[in-house]
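The file target.pdb comes next; it holds PDB, C-alpha atoms (C1' of nucleotides).
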MODEL        1
ATOM      1  CA  MET A   1     -18.704  13.070   8.961  1.00  0.00           C
ATOM      2  CA  GLN A   2     -15.628  15.247   8.870  1.00  0.00           C
ATOM      3  CA  PRO A   3     -12.220  13.577   8.490  1.00  0.00           C
ATOM      4  CA  LYS A   4     -11.127  15.155  11.763  1.00  0.00           C
ATOM      5  CA  LYS A   5     -14.025  13.479  13.583  1.00  0.00           C
ATOM      6  CA  LEU A   6     -13.200  10.122  12.012  1.00  0.00           C
ATOM      7  CA  PHE A   7      -9.615  10.471  13.167  1.00  0.00           C
ATOM      8  CA  GLU A   8     -10.759  11.215  16.697  1.00  0.00           C
ATOM      9  CA  ILE A   9     -12.994   8.133  16.771  1.00  0.00           C
ATOM     10  CA  LEU A  10     -10.171   5.917  15.544  1.00  0.00           C
ATOM     11  CA  LEU A  11      -7.769   7.359  18.074  1.00  0.00           C
ATOM     12  CA  GLU A  12     -10.268   6.895  20.893  1.00  0.00           C
ATOM     13  CA  ASN A  13     -10.722   3.237  20.027  1.00  0.00           C
ATOM     14  CA  TYR A  14      -7.226   2.100  19.110  1.00  0.00           C
ATOM     15  CA  GLU A  15      -3.715   2.550  20.371  1.00  0.00           C
ATOM     16  CA  GLN A  16      -1.431   4.883  18.493  1.00  0.00           C
ATOM     17  CA  GLN A  17       0.353   2.958  15.770  1.00  0.00           C
ATOM     18  CA  TYR A  18       3.643   4.847  15.467  1.00  0.00           C
ATOM     19  CA  TRP A  19       4.421   3.803  11.889  1.00  0.00           C
ATOM     20  CA  TRP A  20       6.545   3.005   9.888  1.00  0.00           C
ATOM     21  CA  PRO A  21       8.036  -0.147  11.443  1.00  0.00           C
ATOM     22  CA  ALA A  22      11.518   0.138   9.887  1.00  0.00           C
ATOM     23  CA  LYS A  23      14.962   1.210  10.971  1.00  0.00           C
ATOM     24  CA  SER A  24      15.893   3.383   8.007  1.00  0.00           C
ATOM     25  CA  ASN A  25      14.299   5.329   5.185  1.00  0.00           C
ATOM     26  CA  TRP A  26      15.612   2.809   2.703  1.00  0.00           C
ATOM     27  CA  GLU A  27      13.979   0.007   4.679  1.00  0.00           C
ATOM     28  CA  VAL A  28      10.696   1.939   4.473  1.00  0.00           C
ATOM     29  CA  ILE A  29      10.997   1.948   0.688  1.00  0.00           C
ATOM     30  CA  VAL A  30      11.767  -1.763   0.571  1.00  0.00           C
ATOM     31  CA  GLY A  31       8.824  -2.485   2.867  1.00  0.00           C
ATOM     32  CA  ALA A  32       6.480  -0.257   0.867  1.00  0.00           C
ATOM     33  CA  ILE A  33       7.204  -2.243  -2.284  1.00  0.00           C
ATOM     34  CA  LEU A  34       7.101  -5.633  -0.602  1.00  0.00           C
ATOM     35  CA  THR A  35       3.774  -4.974   1.103  1.00  0.00           C
ATOM     36  CA  GLN A  36       1.887  -4.352  -2.128  1.00  0.00           C
ATOM     37  CA  ASN A  37      -1.238  -6.481  -1.836  1.00  0.00           C
ATOM     38  CA  THR A  38       0.552  -8.532   0.803  1.00  0.00           C
ATOM     39  CA  SER A  39       0.132  -8.805   4.571  1.00  0.00           C
ATOM     40  CA  TRP A  40       2.816  -7.189   6.699  1.00  0.00           C
ATOM     41  CA  ILE A  41       3.703 -10.439   8.457  1.00  0.00           C
ATOM     42  CA  GLN A  42       4.920 -11.818   5.112  1.00  0.00           C
ATOM     43  CA  VAL A  43       6.941  -8.665   4.499  1.00  0.00           C
ATOM     44  CA  GLU A  44       8.633  -9.089   7.856  1.00  0.00           C
ATOM     45  CA  LYS A  45       9.775 -12.559   6.840  1.00  0.00           C
ATOM     46  CA  ALA A  46      11.157 -11.263   3.567  1.00  0.00           C
ATOM     47  CA  ILE A  47      13.012  -8.413   5.270  1.00  0.00           C
ATOM     48  CA  ALA A  48      14.372 -10.828   7.874  1.00  0.00           C
ATOM     49  CA  ASN A  49      15.754 -12.969   5.035  1.00  0.00           C
ATOM     50  CA  LEU A  50      17.410  -9.926   3.493  1.00  0.00           C
ATOM     51  CA  LYS A  51      18.919  -8.879   6.797  1.00  0.00           C
ATOM     52  CA  ALA A  52      20.197 -12.380   7.566  1.00  0.00           C
ATOM     53  CA  LYS A  53      22.055 -12.462   4.259  1.00  0.00           C
ATOM     54  CA  ARG A  54      23.104  -8.800   4.542  1.00  0.00           C
ATOM     55  CA  LYS A  55      21.273  -8.025   1.342  1.00  0.00           C
ATOM     56  CA  LEU A  56      18.991  -5.248   2.516  1.00  0.00           C
ATOM     57  CA  SER A  57      21.168  -2.240   1.751  1.00  0.00           C
ATOM     58  CA  LEU A  58      20.800  -0.136  -1.349  1.00  0.00           C
ATOM     59  CA  ASN A  59      24.185  -1.357  -2.587  1.00  0.00           C
ATOM     60  CA  ALA A  60      23.530  -5.005  -1.844  1.00  0.00           C
ATOM     61  CA  ILE A  61      20.244  -4.971  -3.743  1.00  0.00           C
ATOM     62  CA  GLN A  62      21.987  -3.611  -6.801  1.00  0.00           C
ATOM     63  CA  GLU A  63      24.695  -6.238  -6.639  1.00  0.00           C
ATOM     64  CA  ILE A  64      22.599  -9.323  -5.951  1.00  0.00           C
ATOM     65  CA  ASN A  65      21.138 -11.008  -8.995  1.00  0.00           C
ATOM     66  CA  GLU A  66      17.446 -10.961  -9.613  1.00  0.00           C
ATOM     67  CA  GLN A  67      16.814 -14.672  -9.037  1.00  0.00           C
ATOM     68  CA  GLU A  68      18.664 -14.679  -5.742  1.00  0.00           C
ATOM     69  CA  LEU A  69      16.817 -11.584  -4.580  1.00  0.00           C
ATOM     70  CA  GLY A  70      13.550 -13.227  -5.574  1.00  0.00           C
ATOM     71  CA  GLU A  71      14.350 -16.227  -3.399  1.00  0.00           C
ATOM     72  CA  LEU A  72      14.952 -14.033  -0.360  1.00  0.00           C
ATOM     73  CA  ILE A  73      11.737 -12.042  -0.749  1.00  0.00           C
ATOM     74  CA  LYS A  74       9.617 -15.020  -1.746  1.00  0.00           C
ATOM     75  CA  PRO A  75       7.449 -14.940   1.407  1.00  0.00           C
ATOM     76  CA  ALA A  76       6.093 -11.545   0.334  1.00  0.00           C
ATOM     77  CA  GLY A  77       4.601 -12.917  -2.890  1.00  0.00           C
ATOM     78  CA  TYR A  78       4.903 -11.540  -6.452  1.00  0.00           C
ATOM     79  CA  PHE A  79       8.598 -12.021  -5.828  1.00  0.00           C
ATOM     80  CA  ASN A  80       9.700 -11.941  -9.461  1.00  0.00           C
ATOM     81  CA  GLN A  81       8.259  -8.519 -10.191  1.00  0.00           C
ATOM     82  CA  LYS A  82       9.091  -7.118  -6.757  1.00  0.00           C
ATOM     83  CA  ALA A  83      12.738  -8.132  -7.240  1.00  0.00           C
ATOM     84  CA  VAL A  84      12.781  -6.100 -10.452  1.00  0.00           C
ATOM     85  CA  TYR A  85      11.114  -3.130  -8.745  1.00  0.00           C
ATOM     86  CA  LEU A  86      13.623  -3.134  -5.870  1.00  0.00           C
ATOM     87  CA  LYS A  87      16.632  -3.325  -8.149  1.00  0.00           C
ATOM     88  CA  GLU A  88      15.257  -0.572 -10.350  1.00  0.00           C
ATOM     89  CA  ILE A  89      14.657   1.974  -7.590  1.00  0.00           C
ATOM     90  CA  ALA A  90      18.030   1.157  -5.977  1.00  0.00           C
ATOM     91  CA  LYS A  91      19.758   1.725  -9.293  1.00  0.00           C
ATOM     92  CA  TYR A  92      17.848   4.959  -9.835  1.00  0.00           C
ATOM     93  CA  ILE A  93      18.882   6.373  -6.464  1.00  0.00           C
ATOM     94  CA  GLN A  94      22.476   5.296  -6.983  1.00  0.00           C
ATOM     95  CA  GLU A  95      22.793   6.761 -10.454  1.00  0.00           C
ATOM     96  CA  ASN A  96      20.927  10.007  -9.858  1.00  0.00           C
ATOM     97  CA  TYR A  97      21.670  10.789  -6.218  1.00  0.00           C
ATOM     98  CA  SER A  98      24.859   8.849  -5.492  1.00  0.00           C
ATOM     99  CA  GLY A  99      22.795   6.502  -3.351  1.00  0.00           C
ATOM    100  CA  ASP A 100      21.969   9.369  -1.006  1.00  0.00           C
ATOM    101  CA  LEU A 101      18.270   9.258  -0.094  1.00  0.00           C
ATOM    102  CA  ASP A 102      18.422  12.524   1.834  1.00  0.00           C
ATOM    103  CA  LYS A 103      19.655  14.280  -1.266  1.00  0.00           C
ATOM    104  CA  TRP A 104      16.668  12.954  -3.184  1.00  0.00           C
ATOM    105  CA  PHE A 105      14.181  13.768  -0.453  1.00  0.00           C
ATOM    106  CA  ALA A 106      15.480  17.346  -0.296  1.00  0.00           C
ATOM    107  CA  LYS A 107      14.009  17.999  -3.709  1.00  0.00           C
ATOM    108  CA  ASP A 108      10.770  19.814  -4.374  1.00  0.00           C
ATOM    109  CA  LEU A 109       7.779  17.626  -3.478  1.00  0.00           C
ATOM    110  CA  ILE A 110       6.163  17.821  -6.906  1.00  0.00           C
ATOM    111  CA  ASP A 111       9.357  16.752  -8.659  1.00  0.00           C
ATOM    112  CA  LEU A 112       9.965  14.017  -6.128  1.00  0.00           C
ATOM    113  CA  ARG A 113       6.488  12.595  -6.605  1.00  0.00           C
ATOM    114  CA  THR A 114       6.813  12.695 -10.387  1.00  0.00           C
ATOM    115  CA  GLU A 115      10.128  10.842 -10.239  1.00  0.00           C
ATOM    116  CA  LEU A 116       8.736   8.185  -7.928  1.00  0.00           C
ATOM    117  CA  LEU A 117       5.677   7.599 -10.079  1.00  0.00           C
ATOM    118  CA  GLY A 118       7.926   7.277 -13.109  1.00  0.00           C
ATOM    119  CA  LEU A 119       9.589   4.196 -11.659  1.00  0.00           C
ATOM    120  CA  LYS A 120       8.260   0.765 -12.543  1.00  0.00           C
ATOM    121  CA  GLY A 121       6.405  -0.738  -9.608  1.00  0.00           C
ATOM    122  CA  ILE A 122       5.749   2.560  -7.866  1.00  0.00           C
ATOM    123  CA  GLY A 123       2.063   3.397  -8.182  1.00  0.00           C
ATOM    124  CA  PRO A 124       0.225   6.135  -6.277  1.00  0.00           C
ATOM    125  CA  GLU A 125      -0.066   4.353  -2.942  1.00  0.00           C
ATOM    126  CA  THR A 126       3.508   3.102  -2.792  1.00  0.00           C
ATOM    127  CA  CYS A 127       4.701   6.513  -3.950  1.00  0.00           C
ATOM    128  CA  ASP A 128       2.777   8.385  -1.280  1.00  0.00           C
ATOM    129  CA  SER A 129       3.739   5.877   1.416  1.00  0.00           C
ATOM    130  CA  ILE A 130       7.370   6.585   0.597  1.00  0.00           C
ATOM    131  CA  LEU A 131       6.749  10.334   0.577  1.00  0.00           C
ATOM    132  CA  LEU A 132       4.969  10.276   3.926  1.00  0.00           C
ATOM    133  CA  TYR A 133       6.799   7.575   5.857  1.00  0.00           C
ATOM    134  CA  ALA A 134      10.322   7.904   4.458  1.00  0.00           C
ATOM    135  CA  ALA A 135      10.604  11.462   3.130  1.00  0.00           C
ATOM    136  CA  LYS A 136       8.321  12.837   5.865  1.00  0.00           C
ATOM    137  CA  LYS A 137       6.289  14.918   3.421  1.00  0.00           C
ATOM    138  CA  PRO A 138       2.690  15.931   4.225  1.00  0.00           C
ATOM    139  CA  VAL A 139       1.043  13.592   1.730  1.00  0.00           C
ATOM    140  CA  PHE A 140      -2.119  11.658   2.617  1.00  0.00           C
ATOM    141  CA  VAL A 141      -1.954   7.998   1.599  1.00  0.00           C
ATOM    142  CA  ILE A 142      -5.045   6.461   0.015  1.00  0.00           C
ATOM    143  CA  ASP A 143      -5.432   2.698   0.015  1.00  0.00           C
ATOM    144  CA  ALA A 144      -8.268   0.280  -0.655  1.00  0.00           C
ATOM    145  CA  TYR A 145      -9.388   0.564   2.983  1.00  0.00           C
ATOM    146  CA  THR A 146      -9.496   4.348   2.918  1.00  0.00           C
ATOM    147  CA  LYS A 147     -11.536   4.192  -0.238  1.00  0.00           C
ATOM    148  CA  ARG A 148     -14.062   1.720   1.186  1.00  0.00           C
ATOM    149  CA  LEU A 149     -14.268   3.602   4.453  1.00  0.00           C
ATOM    150  CA  SER A 150     -14.891   6.887   2.649  1.00  0.00           C
ATOM    151  CA  GLU A 151     -17.580   5.274   0.578  1.00  0.00           C
ATOM    152  CA  ARG A 152     -19.312   3.560   3.489  1.00  0.00           C
ATOM    153  CA  LEU A 153     -19.238   6.614   5.694  1.00  0.00           C
ATOM    154  CA  ASP A 154     -20.276   8.723   2.728  1.00  0.00           C
ATOM    155  CA  LEU A 155     -17.459  11.183   3.456  1.00  0.00           C
ATOM    156  CA  THR A 156     -17.356  12.570  -0.059  1.00  0.00           C
ATOM    157  CA  ASP A 157     -18.738  11.842  -3.502  1.00  0.00           C
ATOM    158  CA  LYS A 158     -15.653  11.377  -5.677  1.00  0.00           C
ATOM    159  CA  LEU A 159     -13.628   8.306  -4.809  1.00  0.00           C
ATOM    160  CA  ASP A 160     -10.766   8.074  -7.263  1.00  0.00           C
ATOM    161  CA  TYR A 161      -7.261   8.310  -5.834  1.00  0.00           C
ATOM    162  CA  ASN A 162      -6.470  11.960  -6.468  1.00  0.00           C
ATOM    163  CA  ASP A 163      -9.878  13.307  -5.493  1.00  0.00           C
ATOM    164  CA  LEU A 164      -9.876  11.329  -2.277  1.00  0.00           C
ATOM    165  CA  GLN A 165      -6.367  12.457  -1.410  1.00  0.00           C
ATOM    166  CA  GLU A 166      -7.308  16.057  -2.089  1.00  0.00           C
ATOM    167  CA  PHE A 167     -10.416  15.700   0.056  1.00  0.00           C
ATOM    168  CA  PHE A 168      -8.453  14.534   3.097  1.00  0.00           C
ATOM    169  CA  GLN A 169      -5.681  17.052   2.627  1.00  0.00           C
ATOM    170  CA  LEU A 170      -8.074  19.975   2.238  1.00  0.00           C
ATOM    171  CA  ASN A 171     -10.086  18.974   5.293  1.00  0.00           C
ATOM    172  CA  LEU A 172      -7.212  18.260   7.655  1.00  0.00           C
ATOM    173  CA  LYS A 173      -4.308  20.281   8.964  1.00  0.00           C
ATOM    174  CA  LYS A 174      -1.291  19.803   6.744  1.00  0.00           C
ATOM    175  CA  ASN A 175       0.679  17.748   9.218  1.00  0.00           C
ATOM    176  CA  VAL A 176       2.990  14.795   8.654  1.00  0.00           C
ATOM    177  CA  GLN A 177       2.312  13.210  12.034  1.00  0.00           C
ATOM    178  CA  LEU A 178      -1.457  13.484  11.554  1.00  0.00           C
ATOM    179  CA  TYR A 179      -1.363  11.891   8.096  1.00  0.00           C
ATOM    180  CA  ASN A 180       1.007   9.232   9.377  1.00  0.00           C
ATOM    181  CA  GLU A 181      -1.196   8.179  12.257  1.00  0.00           C
ATOM    182  CA  PHE A 182      -4.466   8.507  10.353  1.00  0.00           C
ATOM    183  CA  HIS A 183      -3.481   6.095   7.610  1.00  0.00           C
ATOM    184  CA  ALA A 184      -1.983   3.667  10.129  1.00  0.00           C
ATOM    185  CA  LEU A 185      -5.176   3.724  12.189  1.00  0.00           C
ATOM    186  CA  ILE A 186      -7.310   2.971   9.151  1.00  0.00           C
ATOM    187  CA  VAL A 187      -5.153  -0.041   8.321  1.00  0.00           C
ATOM    188  CA  ASN A 188      -5.360  -1.144  11.939  1.00  0.00           C
ATOM    189  CA  HIS A 189      -9.137  -0.694  11.924  1.00  0.00           C
ATOM    190  CA  ALA A 190      -9.315  -3.069   8.974  1.00  0.00           C
ATOM    191  CA  LYS A 191      -8.261  -5.901  11.282  1.00  0.00           C
ATOM    192  CA  ASN A 192     -11.851  -5.903  12.525  1.00  0.00           C
ATOM    193  CA  TYR A 193     -12.917  -7.192   9.118  1.00  0.00           C
ATOM    194  CA  CYS A 194     -15.259  -4.283   8.492  1.00  0.00           C
ATOM    195  CA  LEU A 195     -13.280  -2.812   5.612  1.00  0.00           C
ATOM    196  CA  LYS A 196     -13.267  -5.907   3.459  1.00  0.00           C
ATOM    197  CA  GLU A 197     -15.374  -6.105   0.377  1.00  0.00           C
ATOM    198  CA  ASN A 198     -17.725  -8.424   2.233  1.00  0.00           C
ATOM    199  CA  PRO A 199     -17.486  -6.931   5.686  1.00  0.00           C
ATOM    200  CA  LYS A 200     -18.272  -8.433   9.040  1.00  0.00           C
ATOM    201  CA  CYS A 201     -19.074  -5.496  11.230  1.00  0.00           C
ATOM    202  CA  GLU A 202     -19.753  -7.131  14.598  1.00  0.00           C
ATOM    203  CA  LYS A 203     -16.926  -5.322  16.286  1.00  0.00           C
ATOM    204  CA  CYS A 204     -17.108  -2.203  14.174  1.00  0.00           C
ATOM    205  CA  ILE A 205     -16.525   0.928  16.214  1.00  0.00           C
ATOM    206  CA  LEU A 206     -18.383   2.997  13.639  1.00  0.00           C
ATOM    207  CA  LYS A 207     -21.753   1.318  14.059  1.00  0.00           C
ATOM    208  CA  LYS A 208     -23.859   4.433  14.034  1.00  0.00           C
ATOM    209  CA  GLU A 209     -22.207   5.846  10.968  1.00  0.00           C
ATOM    210  CA  CYS A 210     -21.362   2.806   8.902  1.00  0.00           C
ATOM    211  CA  PHE A 211     -23.372   2.483   5.749  1.00  0.00           C
ATOM    212  CA  PHE A 212     -23.607  -1.285   6.123  1.00  0.00           C
ATOM    213  CA  ILE A 213     -24.928  -1.124   9.656  1.00  0.00           C
ATOM    214  CA  LYS A 214     -27.428   1.615   8.883  1.00  0.00           C
ATOM    215  CA  LYS A 215     -29.203  -0.475   6.278  1.00  0.00           C
TER     216      LYS A 215
ATOM    217  C1'  DA B   1     -12.396 -24.679  -0.273  1.00  0.00           C
ATOM    218  C1'  DC B   2     -12.532 -19.912  -0.161  1.00  0.00           C
ATOM    219  C1'  DC B   3     -11.296 -15.147   0.641  1.00  0.00           C
ATOM    220  C1'  DC B   4      -7.961 -11.962   1.583  1.00  0.00           C
ATOM    221  C1'  DA B   5      -3.451  -9.136   2.076  1.00  0.00           C
ATOM    222  C1'  DG B   6      -0.868  -1.662   3.828  1.00  0.00           C
ATOM    223  C1'  DG B   7      -1.129  -2.691  -5.445  1.00  0.00           C
ATOM    224  C1'  DT B   8       0.845  -2.301 -10.049  1.00  0.00           C
ATOM    225  C1'  DG B   9       1.377  -3.144 -14.985  1.00  0.00           C
ATOM    226  C1'  DT B  10      -0.504  -4.947 -19.172  1.00  0.00           C
ATOM    227  C1'  DT B  11      -4.079  -6.283 -22.086  1.00  0.00           C
ATOM    228  C1'  DT B  12      -8.599  -5.840 -23.784  1.00  0.00           C
ATOM    229  C1'  DC B  13     -12.955  -4.036 -24.784  1.00  0.00           C
TER     230       DC B  13
ATOM    231  C1'  DG C   1     -10.895   5.242 -20.160  1.00  0.00           C
ATOM    232  C1'  DA C   2     -12.304   1.518 -17.310  1.00  0.00           C
ATOM    233  C1'  DA C   3     -12.689  -3.228 -16.657  1.00  0.00           C
ATOM    234  C1'  DA C   4     -10.324  -7.722 -16.598  1.00  0.00           C
ATOM    235  C1'  DC C   5      -6.347 -10.217 -15.847  1.00  0.00           C
ATOM    236  C1'  DA C   6      -1.570 -11.710 -14.160  1.00  0.00           C
ATOM    237  C1'  DC C   7       1.378 -11.630 -10.538  1.00  0.00           C
ATOM    238  C1'  DA C   8       2.258 -15.542  -5.768  1.00  0.00           C
ATOM    239  C1'  DT C   9       2.960 -16.624  -0.944  1.00  0.00           C
ATOM    240  C1'  DG C  10       0.622 -17.839   3.206  1.00  0.00           C
ATOM    241  C1'  DG C  11      -2.912 -16.882   7.144  1.00  0.00           C
ATOM    242  C1'  DG C  12      -7.649 -17.341   8.847  1.00  0.00           C
TER     243       DG C  12
ENDMDL
END
Translate the structure described by the file into structure tokens.
Amino acid sequence: MQPKKLFEILLENYEQQYWWPAKSNWEVIVGAILTQNTSWIQVEKAIANLKAKRKLSLNAIQEINEQELGELIKPAGYFNQKAVYLKEIAKYIQENYSGDLDKWFAKDLIDLRTELLGLKGIGPETCDSILLYAAKKPVFVIDAYTKRLSERLDLTDKLDYNDLQEFFQLNLKKNVQLYNEFHALIVNHAKNYCLKENPKCEKCILKKECFFIKK
DNA sequence: ACCCAGGTGTTTC
DNA sequence: GAAACACATGGG
């Protein structure tokens, strides 16, 4: 199956997702870090805590101490390391770009990606989520669901992060809105439990194509 | 009780 | 290199 066809099937079966659910680019970054291996509902609680204490801003996160920040983001899990990650990226943006995200995002994409990946706590998925959903760059995000889906639909043979990303980008129009919606739809599709390691595919919309159903 | 969540970093073979 | 492990709360 071609990626374009997969996108069409997802769009036919689900509502448009209109990600990212955040009010500012900085909030996208905070959410991207908090949601690492964590359900979005927990991230919402953590962000609500930050907002209630007025500690969400780039400045506030630099000023608050690590333990206090950890307490506020506790619902999102891994709060000790995530507190460090948040403070580190806030400090980086402050020191290198005067706290001006737009200035950073105006840089060349390759440089921007390299800088992001150089930060502690920013791996490939978080990096590309920030590039796509905050910086609005045409970068396809690969997550565990995308990987499983690609494998089960036998979309392509190589499944490591970079090969998979290249596969989608080469086989789709280079379009921020398309990449945005595609990734969001895959995550939404996962709610049907068919993209888990031990899938239940009763409601799967991909019955005819899914590797697990075919068998 | 068990599995999982919009992963990442470190350690170990 | 690639597995294996730690990180941690909370929902189903």
Q: Within 6 Å of chain B, which residues of chain A are there when counting only C-alpha atoms (C1' of nucleotides)? Please give them as a ChimeraX atom specification.
A: /A:36-39,121
(Q) To one decimal place in Å, what is the distance between C1' of DA2 (chain C) and CA of Leu195 (chain A)? (A)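 These atoms are spaced 23.3 Å apart.
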Q | Test item: the PyMOL selection byres ((chain C) within 6 of (chain A)) resolved as a count of residues only | A | 3
Q | Pairwise distance for CA of Ala83 (chain A) and CA of Ala190 (chain A), rounded to one decimal in Å | A |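 That distance, rounded to one decimal, is 27.8 Å.
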Q | Atomic distance CA of Asn59 (chain A) - CA of Glu71 (chain A), expressed in Å with one decimal | A |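 Atom-to-atom, CA of Asn59 (chain A) to CA of Glu71 (chain A), that is 17.8 Å.
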Q | Point (9.0, 16.6, 3.5) neighbourhood (12 Å, only C-alpha atoms (C1' of nucleotides)) written as a PyMOL selection string | A | chain A and resi 102-110+112-113+128+130-139+174-177
To box chain C, take all atoms listed in the file, fit an axis-aligned box, add 3 Å on each side, and give centre and edge lengths in Å to one decimal, as AutoDock Vina command-line options.
--center_x -4.9 --center_y -6.3 --center_z -5.7 --size_x 21.6 --size_y 29.1 --size_z 35.0
Q.
Between A:Leu117, A:Leu155, A:Ala52, A:Leu34, which residue has the minimum interatomic distance to Gly70 (chain A), considering all atoms listed in the file?
A.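 Comparing A:Leu117, A:Leu155, A:Ala52, A:Leu34 against Gly70 (chain A), the winner is A:Leu34.
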Q) On this structure, which residues satisfy the PyMOL selection byres ((chain A and resi 51) around 12), written as a VMD selection string? A) chain A and resid 23 27 30 44 to 50 52 to 57 60 to 61 69 72 to 73
(Q) Once the PyMOL selection byres ((chain A and resi 7) around 10) is applied to the coordinates I shared, what remains selected? I want it as a list in words. (A)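 Taken over the shown coordinates, the PyMOL selection byres ((chain A and resi 7) around 10) returns Gln2, Pro3, Lys4, Lys5, Leu6, Glu8, Ile9, Leu10, Leu11, Glu12, Leu172, Leu178, Tyr179, Glu181, Phe182, His183, Leu185 and Ile186 of chain A.
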